[in-house]
Amino acid sequence: MCRSSQLICRSTDHLSQKYRVEIEKRTYFSDDDESLLVGIPDVAVVTGKVESISSTVQSSLSVLPEKVTVPILEEVNERYLEIREVATGTVVTVLEILSPKNKRTGEGRIAYERKRNQVLASATNLVEIDLLRGGKAFPIASQHLGDYRILICRGHERPRGDLYAFGLRQPIPIIPIPIVPGEAEPMLDLQALLHRVYDKGRYQLAIDYTRQLQPKLSESDCQWVETLLKR
């Protein structure tokens, strides 16, 4: 089960019948490797049958072709959750889990920044979950961003927001999911969800824990991780 499906199940556990959760998709072409998009040609020649090139024409060519590889952009589909009012269909809250491409220079970051700015310019609540140590963090006026961070930015409180910044050795905090001002906010336990996905997917059999982490850990964090693995 994908992380969006797992998150939607958790999100609806304590959500009233006034709301429903939908999985939305953001699509873009990744240019991480500076690839070129192969699109529709400007000119197309169509013929009924293919004829071989005569030996006379071949011998007259001054430049022979070289076999090359044409880079093609990777189509990326990123999913996020929207909590909507059942009666009106209005988007109340957007939940985003950042991907590595969102935090690197390129189309992935541009596409997410565009969506982020649209949400912040509206009355919609934003829940932004960043569980990646690497990459460039998005603008937040804080002196303590931690290793990981969860931003809860309620539409009626902007530009103020609640930042949950925490380190590698700390559990993911249980966070409230904002709905409409004045209504009780359901709580989301991401740590329990992470353990469930890890166990169900049997990731302990797939992850190579002997590989060096990127970005590298501090010496004290390395010792802490090694102690855990020895257990």
# chains A, B, ... in the order shown; residues from 1 in each chain; ligands from 1

call {"tool": "residues_around", "arguments": {"residues": "Tyr148 (chain A)", "least_positions_apart": "3", "cutoff": "7 Å", "atoms": "only C-alpha atoms", "output": "list in words"}}
result
Asp130, Leu131, Leu132, Arg133, Ala165, Phe166 and Gly167 of chain A

call {"tool": "select_by_dssp", "arguments": {"residues": "region 146-185 of chain A", "states": "strand (DSSP E or B)", "output": "ChimeraX atom specification"}}
result
/A:148-153,162-166,175-176

call {"tool": "write_last_selection", "arguments": {"atoms": "N, CA and C atoms", "output": "PDB file, in the first residue's frame"}}
result
ATOM      1  N   TYR A 148      14.461  17.077  10.875  1.00  0.00           N
ATOM      2  CA  TYR A 148      13.192  16.888  10.190  1.00  0.00           C
ATOM      3  C   TYR A 148      12.216  17.940  10.704  1.00  0.00           C
ATOM      4  N   ARG A 149      11.179  18.190   9.917  1.00  0.00           N
ATOM      5  CA  ARG A 149      10.234  19.237  10.343  1.00  0.00           C
ATOM      6  C   ARG A 149       8.852  18.991   9.753  1.00  0.00           C
ATOM      7  N   ILE A 150       7.856  19.394  10.521  1.00  0.00           N
ATOM      8  CA  ILE A 150       6.469  19.374  10.060  1.00  0.00           C
ATOM      9  C   ILE A 150       5.904  20.766  10.289  1.00  0.00           C
ATOM     10  N   LEU A 151       5.420  21.371   9.225  1.00  0.00           N
ATOM     11  CA  LEU A 151       4.847  22.707   9.301  1.00  0.00           C
ATOM     12  C   LEU A 151       3.326  22.617   9.194  1.00  0.00           C
ATOM     13  N   ILE A 152       2.652  23.228  10.160  1.00  0.00           N
ATOM     14  CA  ILE A 152       1.195  23.325  10.118  1.00  0.00           C
ATOM     15  C   ILE A 152       0.852  24.807  10.014  1.00  0.00           C
ATOM     16  N   CYS A 153       0.324  25.188   8.871  1.00  0.00           N
ATOM     17  CA  CYS A 153       0.036  26.593   8.610  1.00  0.00           C
ATOM     18  C   CYS A 153      -1.467  26.740   8.353  1.00  0.00           C
ATOM     19  N   ASP A 162       2.713  26.720  12.927  1.00  0.00           N
ATOM     20  CA  ASP A 162       3.315  25.890  13.971  1.00  0.00           C
ATOM     21  C   ASP A 162       4.348  24.963  13.336  1.00  0.00           C
ATOM     22  N   LEU A 163       5.601  25.060  13.807  1.00  0.00           N
ATOM     23  CA  LEU A 163       6.675  24.226  13.284  1.00  0.00           C
ATOM     24  C   LEU A 163       7.072  23.183  14.323  1.00  0.00           C
ATOM     25  N   TYR A 164       6.990  21.917  13.933  1.00  0.00           N
ATOM     26  CA  TYR A 164       7.464  20.821  14.768  1.00  0.00           C
ATOM     27  C   TYR A 164       8.821  20.400  14.198  1.00  0.00           C
ATOM     28  N   ALA A 165       9.909  20.843  14.837  1.00  0.00           N
ATOM     29  CA  ALA A 165      11.259  20.491  14.402  1.00  0.00           C
ATOM     30  C   ALA A 165      11.824  19.462  15.373  1.00  0.00           C
ATOM     31  N   PHE A 166      12.380  18.380  14.837  1.00  0.00           N
ATOM     32  CA  PHE A 166      12.866  17.312  15.716  1.00  0.00           C
ATOM     33  C   PHE A 166      14.080  16.636  15.092  1.00  0.00           C
ATOM     34  N   ILE A 175       0.651  15.010  15.506  1.00  0.00           N
ATOM     35  CA  ILE A 175       0.301  16.372  15.074  1.00  0.00           C
ATOM     36  C   ILE A 175      -1.211  16.520  14.873  1.00  0.00           C
ATOM     37  N   PRO A 176      -1.732  17.733  15.074  1.00  0.00           N
ATOM     38  CA  PRO A 176      -3.138  18.004  14.780  1.00  0.00           C
ATOM     39  C   PRO A 176      -3.316  18.293  13.292  1.00  0.00           C
TER      40      PRO A 176
END

call {"tool": "residues_around", "arguments": {"residues": "region 118-122 of chain A", "least_positions_apart": "2", "cutoff": "10 Å", "atoms": "only C-alpha atoms", "output": "short mmCIF file (atom, residue, chain, number, x, y, z; two decimals) with N, CA and C atoms, in the first residue's frame"}}
result
data_model
loop_
_atom_site.label_atom_id
_atom_site.label_comp_id
_atom_site.auth_asym_id
_atom_site.auth_seq_id
_atom_site.Cartn_x
_atom_site.Cartn_y
_atom_site.Cartn_z
N VAL A 91 -11.77 22.71 -0.75
CA VAL A 91 -10.56 22.15 -0.16
C VAL A 91 -10.26 22.87 1.14
N THR A 93 -7.96 21.48 3.67
CA THR A 93 -6.58 21.25 4.09
C THR A 93 -5.83 20.46 3.02
N VAL A 94 -4.58 20.83 2.80
CA VAL A 94 -3.69 20.09 1.90
C VAL A 94 -2.57 19.48 2.74
N TYR A 112 6.60 22.05 -6.95
CA TYR A 112 6.07 22.07 -5.59
C TYR A 112 5.96 23.50 -5.06
N GLU A 113 6.94 24.33 -5.33
CA GLU A 113 6.88 25.73 -4.87
C GLU A 113 5.65 26.43 -5.43
N ARG A 114 5.32 26.13 -6.70
CA ARG A 114 4.15 26.73 -7.31
C ARG A 114 2.89 26.33 -6.55
N LYS A 115 2.77 25.04 -6.24
CA LYS A 115 1.61 24.54 -5.50
C LYS A 115 1.60 25.12 -4.08
N ARG A 116 2.75 25.17 -3.44
CA ARG A 116 2.86 25.68 -2.07
C ARG A 116 2.42 27.14 -1.99
N THR A 124 -6.80 27.95 2.51
CA THR A 124 -6.63 26.52 2.77
C THR A 124 -5.51 26.28 3.76
N ASN A 125 -5.71 25.34 4.68
CA ASN A 125 -4.67 24.95 5.62
C ASN A 125 -3.60 24.13 4.90
N LEU A 126 -2.36 24.26 5.34
CA LEU A 126 -1.26 23.48 4.77
C LEU A 126 -0.57 22.68 5.87
N CYS A 153 0.32 25.19 8.87
CA CYS A 153 0.04 26.59 8.61
C CYS A 153 -1.47 26.74 8.35
N ARG A 154 -2.17 27.20 9.38
CA ARG A 154 -3.62 27.36 9.28
C ARG A 154 -3.95 28.62 8.49
N GLY A 155 -4.96 28.50 7.63
CA GLY A 155 -5.29 29.60 6.74
C GLY A 155 -5.64 30.89 7.46
N HIS A 156 -6.35 30.79 8.60
CA HIS A 156 -6.80 32.00 9.29
C HIS A 156 -5.73 32.58 10.21
N ARG A 158 -2.30 32.81 9.09
CA ARG A 158 -1.14 33.20 8.31
C ARG A 158 -0.82 34.69 8.47
N PRO A 159 0.48 35.03 8.49
CA PRO A 159 1.65 34.23 8.13
C PRO A 159 2.22 33.39 9.27
#

call {"tool": "select_by_dssp", "arguments": {"residues": "region 47-131 of chain A", "states": "alpha helix (DSSP H)", "output": "list in words"}}
result
Ser55, Thr56, Val57, Gln58, Ser59, Ser60, Glu107, Gly108, Arg109, Ile110, Ala111, Tyr112, Glu113, Arg114, Lys115, Arg116, Asn117, Gln118, Val119 and Leu120 of chain A

call {"tool": "atom_distance", "arguments": {"atom1": "CA of Leu217 (chain A)", "atom2": "CA of Gly134 (chain A)"}}
result
11.0 Å

call {"tool": "residues_around", "arguments": {"residues": "region 86-89 of chain A", "least_positions_apart": "4", "cutoff": "12 Å", "atoms": "only C-alpha atoms", "output": "ChimeraX atom specification"}}
result
/A:15-22,82,93

call {"tool": "write_last_selection", "arguments": {"atoms": "N, CA and C atoms", "output": "compact mmCIF listing (two decimals), in the first residue's frame"}}
result
# COMPACT_ATOMS: atom_id res chain seq x y z
N LEU A 15 -11.86 11.73 11.46
CA LEU A 15 -12.44 12.83 10.71
C LEU A 15 -13.96 12.67 10.67
N SER A 16 -14.68 13.77 10.91
CA SER A 16 -16.14 13.71 10.93
C SER A 16 -16.69 13.44 9.53
N GLN A 17 -17.98 13.10 9.46
CA GLN A 17 -18.62 12.79 8.19
C GLN A 17 -18.81 14.03 7.32
N LYS A 18 -18.47 15.19 7.83
CA LYS A 18 -18.58 16.42 7.05
C LYS A 18 -17.47 16.53 6.00
N TYR A 19 -16.44 15.69 6.15
CA TYR A 19 -15.28 15.81 5.29
C TYR A 19 -14.93 14.47 4.65
N ARG A 20 -14.25 14.56 3.53
CA ARG A 20 -13.70 13.38 2.87
C ARG A 20 -12.27 13.69 2.42
N VAL A 21 -11.46 12.66 2.23
CA VAL A 21 -10.06 12.83 1.85
C VAL A 21 -9.85 12.26 0.46
N GLU A 22 -9.20 13.02 -0.39
CA GLU A 22 -8.91 12.58 -1.75
C GLU A 22 -7.41 12.59 -2.00
N GLU A 82 -5.90 15.91 -0.07
CA GLU A 82 -6.76 17.06 0.14
C GLU A 82 -7.95 16.65 0.98
N THR A 93 -7.96 21.48 3.67
CA THR A 93 -6.58 21.25 4.09
C THR A 93 -5.83 20.46 3.02

call {"tool": "atom_distance", "arguments": {"atom1": "CA of Leu95 (chain A)", "atom2": "CA of Gly201 (chain A)"}}
result
22.7 Å

call {"tool": "closest_residue", "arguments": {"among": "A:Val76, A:Ile110, A:Leu145, A:Ile97", "to": "Phe29 (chain A)", "atoms": "only C-alpha atoms"}}
result
A:Val76

call {"tool": "closest_residue", "arguments": {"among": "A:Glu157, A:Trp224, A:Gly108, A:Leu81", "to": "Gln170 (chain A)", "atoms": "only C-alpha atoms"}}
result
A:Trp224

call {"tool": "atom_distance", "arguments": {"atom1": "CA of Tyr203 (chain A)", "atom2": "CA of Leu228 (chain A)"}}
result
16.1 Å

call {"tool": "residues_around", "arguments": {"residues": "Lys103 (chain A)", "least_positions_apart": "6", "cutoff": "6 Å", "atoms": "only C-alpha atoms", "output": "PyMOL selection string"}}
result
chain A and resi 109+135-136
